[in-house]
>>> print(open('model_29.cif').read())   # mmCIF, C-alpha atoms and all ligand atoms
data_start
loop_
_atom_site.group_PDB
_atom_site.id
_atom_site.type_symbol
_atom_site.label_atom_id
_atom_site.label_comp_id
_atom_site.auth_asym_id
_atom_site.auth_seq_id
_atom_site.Cartn_x
_atom_site.Cartn_y
_atom_site.Cartn_z
ATOM 1 C CA MET S 180 117.358 112.603 115.005
ATOM 2 C CA ILE S 181 116.475 116.319 115.114
ATOM 3 C CA GLY S 182 115.492 117.454 118.602
ATOM 4 C CA ALA S 183 117.695 114.690 120.004
ATOM 5 C CA ALA S 184 118.148 116.216 123.459
ATOM 6 C CA GLY S 185 114.423 116.632 124.072
ATOM 7 C CA ARG S 186 111.997 114.399 125.958
ATOM 8 C CA MET S 187 110.851 112.655 122.774
ATOM 9 C CA GLY S 188 114.159 112.920 120.917
ATOM 10 C CA SER S 189 116.135 111.121 123.612
ATOM 11 C CA GLU S 190 113.530 108.335 123.764
ATOM 12 C CA VAL S 191 113.576 107.982 119.960
ATOM 13 C CA CYS S 192 117.406 107.734 119.980
ATOM 14 C CA ARG S 193 117.144 104.854 122.479
ATOM 15 C CA ALA S 194 114.435 103.121 120.430
ATOM 16 C CA VAL S 195 116.367 103.423 117.143
ATOM 17 C CA GLU S 196 119.541 102.093 118.762
ATOM 18 C CA GLU S 197 117.605 99.065 120.017
ATOM 19 C CA ALA S 198 115.759 98.411 116.734
ATOM 20 C CA ASP S 199 116.973 95.637 114.438
ATOM 21 C CA GLY S 200 118.336 96.912 111.156
ATOM 22 C CA LEU S 201 118.341 100.620 112.088
ATOM 23 C CA ASP S 202 121.469 102.698 112.750
ATOM 24 C CA LEU S 203 121.409 106.070 114.474
ATOM 25 C CA VAL S 204 123.790 108.190 112.385
ATOM 26 C CA GLY S 205 123.363 111.618 113.976
ATOM 27 C CA ARG S 206 121.870 113.619 116.857
ATOM 28 C CA TYR S 207 120.964 117.266 116.212
ATOM 29 C CA ASP S 208 119.426 119.839 118.481
ATOM 30 C CA ALA S 209 118.887 123.604 118.725
ATOM 31 C CA GLY S 210 121.782 125.550 117.196
ATOM 32 C CA ASP S 211 123.374 122.578 115.426
ATOM 33 C CA GLU S 212 124.364 122.784 111.760
ATOM 34 C CA LEU S 213 122.242 120.122 110.044
ATOM 35 C CA GLY S 214 124.412 119.781 106.933
ATOM 36 C CA ASP S 215 123.922 116.402 105.254
ATOM 37 C CA LEU S 216 122.466 114.947 108.490
ATOM 38 C CA GLY S 217 125.102 112.264 108.682
ATOM 39 C CA GLY S 218 124.020 110.734 105.388
ATOM 40 C CA ALA S 219 120.715 109.607 106.939
ATOM 41 C CA ASP S 220 118.066 107.853 104.814
ATOM 42 C CA VAL S 221 115.360 108.946 107.262
ATOM 43 C CA VAL S 222 115.232 111.822 109.744
ATOM 44 C CA VAL S 223 112.949 111.803 112.786
ATOM 45 C CA GLU S 224 111.938 115.325 113.824
ATOM 46 C CA PHE S 225 110.598 116.177 117.300
ATOM 47 C CA SER S 226 111.540 119.788 118.020
ATOM 48 C CA VAL S 227 109.349 122.855 118.588
ATOM 49 C CA PRO S 228 106.477 124.129 116.412
ATOM 50 C CA ASP S 229 108.335 127.239 115.211
ATOM 51 C CA ALA S 230 111.435 125.288 114.120
ATOM 52 C CA SER S 231 109.878 122.214 112.566
ATOM 53 C CA PRO S 232 108.965 123.572 109.079
ATOM 54 C CA ALA S 233 112.536 124.787 108.410
ATOM 55 C CA ASN S 234 114.020 121.505 109.663
ATOM 56 C CA VAL S 235 111.705 119.457 107.450
ATOM 57 C CA ALA S 236 112.400 121.713 104.447
ATOM 58 C CA HIS S 237 116.142 121.194 104.973
ATOM 59 C CA CYS S 238 115.635 117.411 104.770
ATOM 60 C CA VAL S 239 113.275 117.473 101.788
ATOM 61 C CA ASP S 240 115.630 119.711 99.794
ATOM 62 C CA ARG S 241 118.343 117.077 100.301
ATOM 63 C CA GLY S 242 116.124 114.156 99.318
ATOM 64 C CA ILE S 243 115.840 112.772 102.862
ATOM 65 C CA ASN S 244 112.601 111.146 104.072
ATOM 66 C CA VAL S 245 111.191 112.612 107.296
ATOM 67 C CA VAL S 246 109.051 111.328 110.165
ATOM 68 C CA VAL S 247 107.644 114.340 112.009
ATOM 69 C CA GLY S 248 106.077 114.314 115.463
ATOM 70 C CA THR S 249 106.311 118.033 116.203
ATOM 71 C CA THR S 250 102.995 119.844 116.567
ATOM 72 C CA GLY S 251 101.879 123.119 114.969
ATOM 73 C CA TRP S 252 101.424 121.959 111.371
ATOM 74 C CA ASP S 253 98.430 124.068 110.369
ATOM 75 C CA GLU S 254 96.956 124.143 106.844
ATOM 76 C CA ALA S 255 99.274 126.956 105.676
ATOM 77 C CA ARG S 256 102.385 125.054 106.769
ATOM 78 C CA LEU S 257 101.119 121.835 105.174
ATOM 79 C CA ALA S 258 100.425 123.678 101.911
ATOM 80 C CA ASP S 259 103.985 125.078 101.827
ATOM 81 C CA LEU S 260 105.377 121.608 102.424
ATOM 82 C CA ARG S 261 103.243 120.092 99.653
ATOM 83 C CA THR S 262 104.601 122.729 97.265
ATOM 84 C CA ARG S 263 108.170 121.900 98.280
ATOM 85 C CA LEU S 264 107.565 118.147 97.939
ATOM 86 C CA ALA S 265 106.286 118.635 94.393
ATOM 87 C CA ASP S 266 109.926 119.337 93.420
ATOM 88 C CA HIS S 267 111.065 116.152 95.219
ATOM 89 C CA PRO S 268 108.489 113.528 94.206
ATOM 90 C CA ASP S 269 110.468 110.581 95.610
ATOM 91 C CA VAL S 270 110.687 111.958 99.150
ATOM 92 C CA GLY S 271 108.253 110.783 101.819
ATOM 93 C CA VAL S 272 107.164 112.896 104.793
ATOM 94 C CA LEU S 273 104.880 111.613 107.537
ATOM 95 C CA ILE S 274 103.434 114.134 109.971
ATOM 96 C CA ALA S 275 101.699 112.377 112.845
ATOM 97 C CA PRO S 276 100.095 114.301 115.702
ATOM 98 C CA ASN S 277 100.337 111.190 117.863
ATOM 99 C CA PHE S 278 102.363 107.973 117.419
ATOM 100 C CA ALA S 279 100.680 105.968 120.216
ATOM 101 C CA ILE S 280 98.534 103.230 118.678
ATOM 102 C CA GLY S 281 95.762 103.820 121.219
ATOM 103 C CA ALA S 282 95.634 107.516 120.409
ATOM 104 C CA VAL S 283 95.451 106.754 116.679
ATOM 105 C CA LEU S 284 92.556 104.368 117.385
ATOM 106 C CA MET S 285 90.868 106.913 119.666
ATOM 107 C CA MET S 286 90.896 109.477 116.866
ATOM 108 C CA ALA S 287 89.467 106.919 114.419
ATOM 109 C CA PHE S 288 86.749 105.911 116.911
ATOM 110 C CA ALA S 289 85.920 109.576 117.553
ATOM 111 C CA ALA S 290 85.535 110.226 113.829
ATOM 112 C CA LYS S 291 83.228 107.201 113.603
ATOM 113 C CA ALA S 292 81.079 108.189 116.621
ATOM 114 C CA ALA S 293 80.792 111.882 115.751
ATOM 115 C CA GLU S 294 77.756 111.692 113.465
ATOM 116 C CA PHE S 295 75.639 109.970 116.135
ATOM 117 C CA TYR S 296 75.896 112.585 118.901
ATOM 118 C CA GLU S 297 74.529 116.100 119.188
ATOM 119 C CA SER S 298 77.124 117.135 121.804
ATOM 120 C CA VAL S 299 80.874 116.601 121.889
ATOM 121 C CA GLU S 300 83.741 118.041 123.914
ATOM 122 C CA VAL S 301 87.466 117.174 123.849
ATOM 123 C CA ILE S 302 89.545 117.316 127.027
ATOM 124 C CA GLU S 303 93.309 116.936 126.615
ATOM 125 C CA LEU S 304 95.561 116.606 129.652
ATOM 126 C CA HIS S 305 99.364 116.961 129.518
ATOM 127 C CA HIS S 306 102.507 117.629 131.554
ATOM 128 C CA PRO S 307 102.956 121.327 132.413
ATOM 129 C CA ASP S 308 106.188 121.673 130.355
ATOM 130 C CA LYS S 309 104.195 121.439 127.125
ATOM 131 C CA VAL S 310 104.398 124.764 125.234
ATOM 132 C CA ASP S 311 101.392 124.493 122.906
ATOM 133 C CA ALA S 312 97.651 124.320 123.521
ATOM 134 C CA PRO S 313 95.517 122.705 122.434
ATOM 135 C CA SER S 314 97.605 119.603 121.803
ATOM 136 C CA GLY S 315 98.171 118.492 118.223
ATOM 137 C CA THR S 316 96.155 115.380 119.002
ATOM 138 C CA ALA S 317 93.191 117.419 120.253
ATOM 139 C CA ALA S 318 93.353 119.699 117.215
ATOM 140 C CA ARG S 319 93.386 116.702 114.874
ATOM 141 C CA THR S 320 90.574 114.980 116.806
ATOM 142 C CA ALA S 321 88.474 118.130 116.596
ATOM 143 C CA ALA S 322 89.136 118.451 112.857
ATOM 144 C CA LEU S 323 88.050 114.842 112.238
ATOM 145 C CA ILE S 324 84.913 115.284 114.371
ATOM 146 C CA ALA S 325 84.036 118.563 112.649
ATOM 147 C CA GLN S 326 84.425 116.930 109.234
ATOM 148 C CA ALA S 327 82.166 114.002 110.232
ATOM 149 C CA ARG S 328 79.552 116.348 111.709
ATOM 150 C CA GLU S 329 79.508 118.453 108.563
ATOM 151 C CA GLN S 330 79.100 115.375 106.358
ATOM 152 C CA ALA S 331 76.217 114.228 108.588
ATOM 153 C CA GLY S 332 74.541 117.643 108.395
ATOM 154 C CA LEU S 333 74.922 118.333 112.121
ATOM 155 C CA GLY S 334 75.039 121.971 113.143
ATOM 156 C CA ASP S 335 76.863 123.617 116.023
ATOM 157 C CA VAL S 336 77.169 121.756 119.307
ATOM 158 C CA PRO S 337 74.398 122.963 121.631
ATOM 159 C CA ASP S 338 75.568 125.518 124.185
ATOM 160 C CA ALA S 339 73.344 128.163 125.794
ATOM 161 C CA THR S 340 76.253 130.010 127.442
ATOM 162 C CA THR S 341 75.911 133.781 127.106
ATOM 163 C CA SER S 342 78.207 134.834 129.962
ATOM 164 C CA ASP S 343 81.739 133.441 130.393
ATOM 165 C CA PRO S 344 84.028 136.307 131.472
ATOM 166 C CA GLY S 345 86.836 133.983 132.619
ATOM 167 C CA GLY S 346 86.775 131.628 129.651
ATOM 168 C CA ALA S 347 85.563 128.730 131.786
ATOM 169 C CA ARG S 348 84.003 127.073 128.746
ATOM 170 C CA GLY S 349 87.485 126.604 127.235
ATOM 171 C CA GLY S 350 88.494 127.041 123.594
ATOM 172 C CA ARG S 351 87.260 125.844 120.225
ATOM 173 C CA ALA S 352 89.056 124.009 117.442
ATOM 174 C CA ASP S 353 87.141 123.745 114.163
ATOM 175 C CA GLY S 354 84.080 124.720 116.202
ATOM 176 C CA ILE S 355 84.507 121.809 118.632
ATOM 177 C CA PRO S 356 84.914 122.712 122.347
ATOM 178 C CA VAL S 357 88.418 121.785 123.546
ATOM 179 C CA HIS S 358 89.763 122.005 127.111
ATOM 180 C CA SER S 359 93.490 121.866 127.919
ATOM 181 C CA VAL S 360 94.662 120.702 131.351
ATOM 182 C CA ARG S 361 98.344 121.016 132.402
ATOM 183 C CA LEU S 362 99.230 118.987 135.481
ATOM 184 C CA ARG S 363 102.525 117.823 136.995
ATOM 185 C CA GLY S 364 102.681 114.027 136.917
ATOM 186 C CA LEU S 365 100.833 113.650 133.636
ATOM 187 C CA VAL S 366 102.378 112.653 130.289
ATOM 188 C CA ALA S 367 99.737 112.723 127.499
ATOM 189 C CA HIS S 368 96.037 111.961 127.917
ATOM 190 C CA GLN S 369 92.779 112.732 126.141
ATOM 191 C CA GLU S 370 89.062 112.212 126.627
ATOM 192 C CA VAL S 371 86.399 112.713 123.995
ATOM 193 C CA LEU S 372 82.911 113.082 125.492
ATOM 194 C CA PHE S 373 79.905 112.470 123.247
ATOM 195 C CA GLY S 374 76.424 113.298 124.545
ATOM 196 C CA GLN S 375 72.914 112.590 123.361
ATOM 197 C CA THR S 376 69.641 112.776 125.275
ATOM 198 C CA GLY S 377 69.747 110.038 127.924
ATOM 199 C CA GLU S 378 73.269 108.726 127.164
ATOM 200 C CA MET S 379 76.962 109.523 126.973
ATOM 201 C CA LEU S 380 79.947 107.875 125.304
ATOM 202 C CA THR S 381 83.456 108.510 126.672
ATOM 203 C CA LEU S 382 86.602 107.654 124.701
ATOM 204 C CA ARG S 383 89.814 107.923 126.712
ATOM 205 C CA HIS S 384 93.453 107.300 125.929
ATOM 206 C CA ASP S 385 96.425 107.559 128.302
ATOM 207 C CA SER S 386 100.131 107.623 127.500
ATOM 208 C CA PHE S 387 101.725 106.996 130.913
ATOM 209 C CA ASP S 388 105.242 106.861 129.448
ATOM 210 C CA ARG S 389 106.877 108.134 126.237
ATOM 211 C CA VAL S 390 107.781 104.546 125.338
ATOM 212 C CA SER S 391 104.126 104.368 124.196
ATOM 213 C CA PHE S 392 105.055 106.418 121.120
ATOM 214 C CA MET S 393 108.052 104.305 120.086
ATOM 215 C CA PRO S 394 106.442 101.389 118.183
ATOM 216 C CA GLY S 395 104.638 103.935 116.011
ATOM 217 C CA VAL S 396 107.799 105.964 115.409
ATOM 218 C CA ILE S 397 109.822 102.870 114.474
ATOM 219 C CA THR S 398 107.054 101.634 112.156
ATOM 220 C CA ALA S 399 107.045 105.048 110.487
ATOM 221 C CA VAL S 400 110.844 105.071 110.088
ATOM 222 C CA ARG S 401 110.656 101.696 108.359
ATOM 223 C CA GLN S 402 107.793 102.706 106.037
ATOM 224 C CA VAL S 403 108.243 106.380 105.194
ATOM 225 C CA ALA S 404 110.422 105.797 102.116
ATOM 226 C CA ASP S 405 107.631 103.635 100.649
ATOM 227 C CA HIS S 406 105.129 106.509 100.961
ATOM 228 C CA PRO S 407 106.391 109.355 98.754
ATOM 229 C CA GLY S 408 104.712 112.736 99.200
ATOM 230 C CA LEU S 409 103.017 114.071 102.318
ATOM 231 C CA THR S 410 101.040 111.801 104.635
ATOM 232 C CA VAL S 411 99.238 113.200 107.682
ATOM 233 C CA GLY S 412 98.422 110.663 110.383
ATOM 234 C CA LEU S 413 99.993 107.307 111.255
ATOM 235 C CA GLU S 414 96.641 105.622 110.555
ATOM 236 C CA ASN S 415 97.509 105.830 106.860
ATOM 237 C CA TYR S 416 100.492 103.500 107.401
ATOM 238 C CA LEU S 417 98.521 101.096 109.625
ATOM 239 C CA GLY S 418 95.499 100.536 107.403
ATOM 240 C CA ILE S 419 93.172 102.022 110.035
HETATM 241 N N1 LIG C 501 103.526 112.999 117.604
HETATM 242 C C1 LIG C 501 103.675 112.477 118.820
HETATM 243 O O1 LIG C 501 103.358 111.293 119.072
HETATM 244 C C2 LIG C 501 104.256 113.337 119.888
HETATM 245 C C3 LIG C 501 104.524 114.642 119.619
HETATM 246 N N2 LIG C 501 105.113 115.423 120.553
HETATM 247 C C4 LIG C 501 105.480 116.766 120.118
HETATM 248 O O2 LIG C 501 106.877 116.760 119.841
HETATM 249 C C5 LIG C 501 107.422 118.039 120.098
HETATM 250 C C6 LIG C 501 108.581 117.893 121.087
HETATM 251 O O3 LIG C 501 108.089 117.474 122.334
HETATM 252 P P1 LIG C 501 109.099 117.215 123.534
HETATM 253 O O4 LIG C 501 110.148 116.241 123.137
HETATM 254 O O5 LIG C 501 108.258 116.929 124.715
HETATM 255 O O6 LIG C 501 109.746 118.678 123.679
HETATM 256 P P2 LIG C 501 111.188 119.053 124.273
HETATM 257 O O7 LIG C 501 111.127 120.518 124.543
HETATM 258 O O8 LIG C 501 111.558 118.128 125.384
HETATM 259 O O9 LIG C 501 112.179 118.768 123.063
HETATM 260 C C7 LIG C 501 112.329 119.603 121.947
HETATM 261 C C8 LIG C 501 113.805 119.634 121.594
HETATM 262 O O10 LIG C 501 113.964 120.324 120.361
HETATM 263 C C9 LIG C 501 115.045 121.242 120.549
HETATM 264 N N3 LIG C 501 114.988 122.323 119.586
HETATM 265 C C10 LIG C 501 114.531 123.606 119.735
HETATM 266 N N4 LIG C 501 114.696 124.299 118.589
HETATM 267 C C11 LIG C 501 115.267 123.448 117.711
HETATM 268 C C12 LIG C 501 115.706 123.593 116.372
HETATM 269 N N5 LIG C 501 115.586 124.744 115.692
HETATM 270 N N6 LIG C 501 116.266 122.515 115.756
HETATM 271 C C13 LIG C 501 116.417 121.363 116.416
HETATM 272 N N7 LIG C 501 116.034 121.159 117.689
HETATM 273 C C14 LIG C 501 115.462 122.205 118.327
HETATM 274 C C15 LIG C 501 114.907 121.698 121.977
HETATM 275 O O11 LIG C 501 116.102 122.313 122.429
HETATM 276 P P3 LIG C 501 115.995 123.476 123.561
HETATM 277 O O12 LIG C 501 115.330 122.850 124.738
HETATM 278 O O13 LIG C 501 117.423 123.839 123.789
HETATM 279 O O14 LIG C 501 115.181 124.578 122.955
HETATM 280 C C16 LIG C 501 114.635 120.359 122.668
HETATM 281 O O15 LIG C 501 115.814 119.649 122.914
HETATM 282 C C17 LIG C 501 106.257 118.890 120.599
HETATM 283 O O16 LIG C 501 105.694 119.605 119.518
HETATM 284 C C18 LIG C 501 105.274 117.856 121.126
HETATM 285 O O17 LIG C 501 103.956 118.309 121.140
HETATM 286 C C19 LIG C 501 105.416 114.952 121.786
HETATM 287 C C20 LIG C 501 105.128 113.665 122.128
HETATM 288 C C21 LIG C 501 104.517 112.746 121.211
HETATM 289 O O1 LIG C 502 103.818 117.498 124.025
HETATM 290 C C1 LIG C 502 103.489 116.319 124.260
HETATM 291 O O2 LIG C 502 103.870 115.716 125.269
HETATM 292 C C2 LIG C 502 102.637 115.620 123.293
HETATM 293 N N1 LIG C 502 102.370 116.218 122.166
HETATM 294 C C3 LIG C 502 101.561 115.709 121.123
HETATM 295 C C4 LIG C 502 100.307 116.540 120.999
HETATM 296 O O3 LIG C 502 100.385 117.771 121.149
HETATM 297 O O4 LIG C 502 99.249 115.983 120.713
HETATM 298 C C5 LIG C 502 101.294 114.223 121.270
HETATM 299 C C6 LIG C 502 101.064 113.770 122.670
HETATM 300 O O5 LIG C 502 99.843 114.270 123.098
HETATM 301 C C7 LIG C 502 102.189 114.252 123.574
#
>>> encode(input="model_29.cif", output="structure tokens", more="lines below")
Ligand SMILES: NC(=O)C1=CN([C@@H]2O[C@H](COP(=O)(O)OP(=O)(O)OC[C@H]3O[C@@H](n4cnc5c(N)ncnc54)[C@H](OP(=O)(O)O)[C@@H]3O)[C@@H](O)[C@H]2O)C=CC1
Ligand SMILES: O=C(O)C1=N[C@H](C(=O)O)C[C@H](O)C1
Amino acid sequence: MIGAAGRMGSEVCRAVEEADGLDLVGRYDAGDELGDLGGADVVVEFSVPDASPANVAHCVDRGINVVVGTTGWDEARLADLRTRLADHPDVGVLIAPNFAIGAVLMMAFAAKAAEFYESVEVIELHHPDKVDAPSGTAARTAALIAQAREQAGLGDVPDATTSDPGGARGGRADGIPVHSVRLRGLVAHQEVLFGQTGEMLTLRHDSFDRVSFMPGVITAVRQVADHPGLTVGLENYLGI
């Protein structure tokens, strides 16, 4: 486990220790020498966006499969990783912006609904210790919605705003409006609002506890070696 002392890392260590047939062979955190990673077959990586690419590269170069939950994997970082994996064709890497089954379904439902609605906005809500905004889940949701809208020939979301000195309208990801809320007491939550004349569809997912991510992480640990190359999104392991 890389990022073992973190909020997710400590939960993953517990889940692996409780899982039948899995052995936790090493815990690594900031400043640790990764070396051969305890001879691990699979590494789980939940660290920080700036450290994740180097950690994953270290594993790939040693032929170790990796399950990655850390955010910040933009297209440039994914392209570098694909290049590296080309030299290690037997290694599997899964990068999943969200391991909660409900969040994976929410993203799939959002992609499905996107072509039917003129308006859409994503609101993600997280604990205030989160360092990145928007969340990886919101960025991925926006990318899927943008792709579906483009395929359907939809243009920009309607928005007559001409004055917004304080940024009250929030940000944009792939052209989709995204709003990030940081609130003590929250864990990880997201709403996708779709609007059309006379109606509205709301998709909402809530992770109230980090245990919600563990079935997805354990499933990924068990499957990653059977999926050589780079996979983005847990849905690809679940047949969704
Ligand atoms: N895909 C998913 O389902 C989920 C993804 N996440 C994502 O996972 C990541 C971690 O989240 P969270 O656990 O809440 O964050 P934390 O800050 O609690 O944990 C991150 C850990 O990584 C450590 N770390 C920092 N630099 C390195 C490094 N170079 N090598 C190894 N470890 C390092 C940190 O140490 P230190 O504190 O000393 O810097 C800390 O212990 C985030 O990107 C978050 O968005 C979170 C939840 C679910
Ligand atoms: O930092 C978090 O907590 C989370 N990060 C991921 C994200 O950015 O989408 C997944 C989940 O939302 C929790």
>>> residues_near_point(input="model_29.cif", point="(102.5, 122.0, 106.6)", cutoff="10 Å", atoms="all atoms listed in the file", output="list of chain:residue names")
S:Ser231, S:Pro232, S:Val235, S:Gly251, S:Trp252, S:Asp253, S:Glu254, S:Ala255, S:Arg256, S:Leu257, S:Ala258, S:Asp259, S:Leu260, S:Arg261, S:Thr262, S:Ile274, S:Leu409, S:Val411
>>> residues_near_ligand(input="model_29.cif", ligand="ligand LIG 501 (chain C)", cutoff="9 Å", atoms="only C-alpha atoms and all ligand atoms", output="VMD selection string")
chain S and resid 180 to 190 207 to 211 213 224 to 231 233 to 234 247 to 251 274 to 279 282 306 308 to 311 314 to 316 366 to 367 389 391 to 393 395 to 396
>>> residues_around(input="model_29.cif", residues="Ala236 of chain S", least_positions_apart="6", cutoff="10 Å", atoms="all atoms listed in the file", output="list in words")
Gly242, Ile243, Val245, Asp259, Leu260, Arg263 and Leu264 of chain S
>>> residues_around(input="model_29.cif", residues="Leu323 of chain S", least_positions_apart="5", cutoff="12 Å", atoms="all atoms listed in the file", output="mmCIF file with C-alpha atoms, in the frame of the given file")
data_model
loop_
_atom_site.group_PDB
_atom_site.id
_atom_site.type_symbol
_atom_site.label_atom_id
_atom_site.label_comp_id
_atom_site.auth_asym_id
_atom_site.auth_seq_id
_atom_site.Cartn_x
_atom_site.Cartn_y
_atom_site.Cartn_z
ATOM 1 C CA VAL S 283 95.451 106.754 116.679
ATOM 2 C CA MET S 285 90.868 106.913 119.666
ATOM 3 C CA MET S 286 90.896 109.477 116.866
ATOM 4 C CA ALA S 287 89.467 106.919 114.419
ATOM 5 C CA PHE S 288 86.749 105.911 116.911
ATOM 6 C CA ALA S 289 85.920 109.576 117.553
ATOM 7 C CA ALA S 290 85.535 110.226 113.829
ATOM 8 C CA LYS S 291 83.228 107.201 113.603
ATOM 9 C CA ALA S 292 81.079 108.189 116.621
ATOM 10 C CA ALA S 293 80.792 111.882 115.751
ATOM 11 C CA GLU S 294 77.756 111.692 113.465
ATOM 12 C CA VAL S 301 87.466 117.174 123.849
ATOM 13 C CA THR S 316 96.155 115.380 119.002
ATOM 14 C CA ALA S 317 93.191 117.419 120.253
ATOM 15 C CA ALA S 318 93.353 119.699 117.215
ATOM 16 C CA ARG S 328 79.552 116.348 111.709
ATOM 17 C CA GLU S 329 79.508 118.453 108.563
ATOM 18 C CA GLN S 330 79.100 115.375 106.358
ATOM 19 C CA ALA S 352 89.056 124.009 117.442
ATOM 20 C CA ASP S 353 87.141 123.745 114.163
ATOM 21 C CA GLY S 354 84.080 124.720 116.202
ATOM 22 C CA ILE S 355 84.507 121.809 118.632
ATOM 23 C CA GLY S 412 98.422 110.663 110.383
#
>>> atom_distance(input="model_29.cif", atom1="atom CA of Val272 of chain S", atom2="atom CA of Arg206 of chain S")
19.0 Å
>>> resolve_selection(input="model_29.cif", expression="the PyMOL selection byres (((chain S and resi 296) around 6) and not hetatm)", output="mmCIF file with C-alpha atoms, in the frame of the given file")
data_model
loop_
_atom_site.group_PDB
_atom_site.id
_atom_site.type_symbol
_atom_site.label_atom_id
_atom_site.label_comp_id
_atom_site.auth_asym_id
_atom_site.auth_seq_id
_atom_site.Cartn_x
_atom_site.Cartn_y
_atom_site.Cartn_z
ATOM 1 C CA ALA S 293 80.792 111.882 115.751
ATOM 2 C CA GLU S 294 77.756 111.692 113.465
ATOM 3 C CA PHE S 295 75.639 109.970 116.135
ATOM 4 C CA GLU S 297 74.529 116.100 119.188
ATOM 5 C CA SER S 298 77.124 117.135 121.804
ATOM 6 C CA PHE S 373 79.905 112.470 123.247
ATOM 7 C CA GLY S 374 76.424 113.298 124.545
ATOM 8 C CA GLN S 375 72.914 112.590 123.361
#
>>> resolve_selection(input="model_29.cif", expression="the PyMOL selection byres (((chain S and resi 364) around 10) and not hetatm)", output="ChimeraX atom specification")
/S:305-307,361-363,365-367,387
>>> closest_residue(input="model_29.cif", among="S:Glu196, S:Asp215, S:Leu203, S:Pro313", to="ligand LIG 502 (chain C)", atoms="all atoms listed in the file")
S:Pro313
>>> closest_residue(input="model_29.cif", among="S:Glu303, S:Glu370, S:Glu414, S:Asp335", to="ligand LIG 502 (chain C)", atoms="all atoms listed in the file")
S:Glu303
>>> residues_near_point(input="model_29.cif", point="(114.9, 107.2, 104.8)", cutoff="10 Å", atoms="all atoms listed in the file", output="list in words")
Gly218, Ala219, Asp220, Val221, Val222, Val223, Gly242, Ile243, Asn244, Val245, Val246, Val270, Gly271, Val272, Ala399, Val400, Arg401, Gln402, Val403, Ala404 and Asp405 of chain S
>>> closest_residue(input="model_29.cif", among="S:Gln326, S:Asn415, S:Thr340, S:Ser386", to="ligand LIG 502 (chain C)", atoms="all atoms listed in the file")
S:Ser386
>>> axis_aligned_box(input="model_29.cif", around="segment 271-286 of chain S", padding_each_side="6 Å", output="JSON")
{"center_x": 99.6, "center_y": 108.8, "center_z": 111.5, "size_x": 29.4, "size_y": 23.1, "size_z": 31.4}
>>> atom_distance(input="model_29.cif", atom1="atom CA of Leu284 of chain S", atom2="atom CA of His384 of chain S")
9.1 Å
>>> decode(input="model_29.cif", residues="segment 291-328 of chain S", atoms="C-alpha atoms", output="compact mmCIF listing (two decimals), in the first residue's frame")
# COMPACT_ATOMS: atom_id res chain seq x y z
CA LYS S 291 -26.64 8.01 -20.55
CA ALA S 292 -28.86 10.99 -19.61
CA ALA S 293 -26.60 13.68 -21.06
CA GLU S 294 -27.90 13.65 -24.63
CA PHE S 295 -31.49 14.28 -23.52
CA TYR S 296 -30.98 17.54 -21.61
CA GLU S 297 -30.07 21.03 -22.76
CA SER S 298 -28.73 22.06 -19.32
CA VAL S 299 -26.42 20.24 -16.94
CA GLU S 300 -24.42 21.22 -13.87
CA VAL S 301 -22.25 19.08 -11.56
CA ILE S 302 -22.03 19.84 -7.85
CA GLU S 303 -19.41 17.91 -5.87
CA LEU S 304 -19.27 18.16 -2.08
CA HIS S 305 -16.32 16.94 0.02
CA HIS S 306 -14.57 17.20 3.38
CA PRO S 307 -12.51 20.40 3.73
CA ASP S 308 -9.16 18.52 3.98
CA LYS S 309 -9.36 17.62 0.29
CA VAL S 310 -6.53 19.37 -1.62
CA ASP S 311 -7.83 19.24 -5.20
CA ALA S 312 -10.84 20.81 -6.91
CA PRO S 313 -12.81 19.83 -8.78
CA SER S 314 -12.84 16.25 -7.53
CA GLY S 315 -11.57 13.51 -9.83
CA THR S 316 -15.09 12.13 -9.92
CA ALA S 317 -16.55 15.46 -11.03
CA ALA S 318 -13.87 15.87 -13.69
CA ARG S 319 -14.57 12.38 -15.03
CA THR S 320 -18.35 12.93 -14.90
CA ALA S 321 -17.96 16.18 -16.83
CA ALA S 322 -15.74 14.49 -19.43
CA LEU S 323 -18.31 11.72 -19.98
CA ILE S 324 -21.17 14.23 -20.24
CA ALA S 325 -19.20 16.43 -22.65
CA GLN S 326 -18.43 13.42 -24.84
CA ALA S 327 -22.11 12.37 -24.93
CA ARG S 328 -23.24 15.93 -25.70
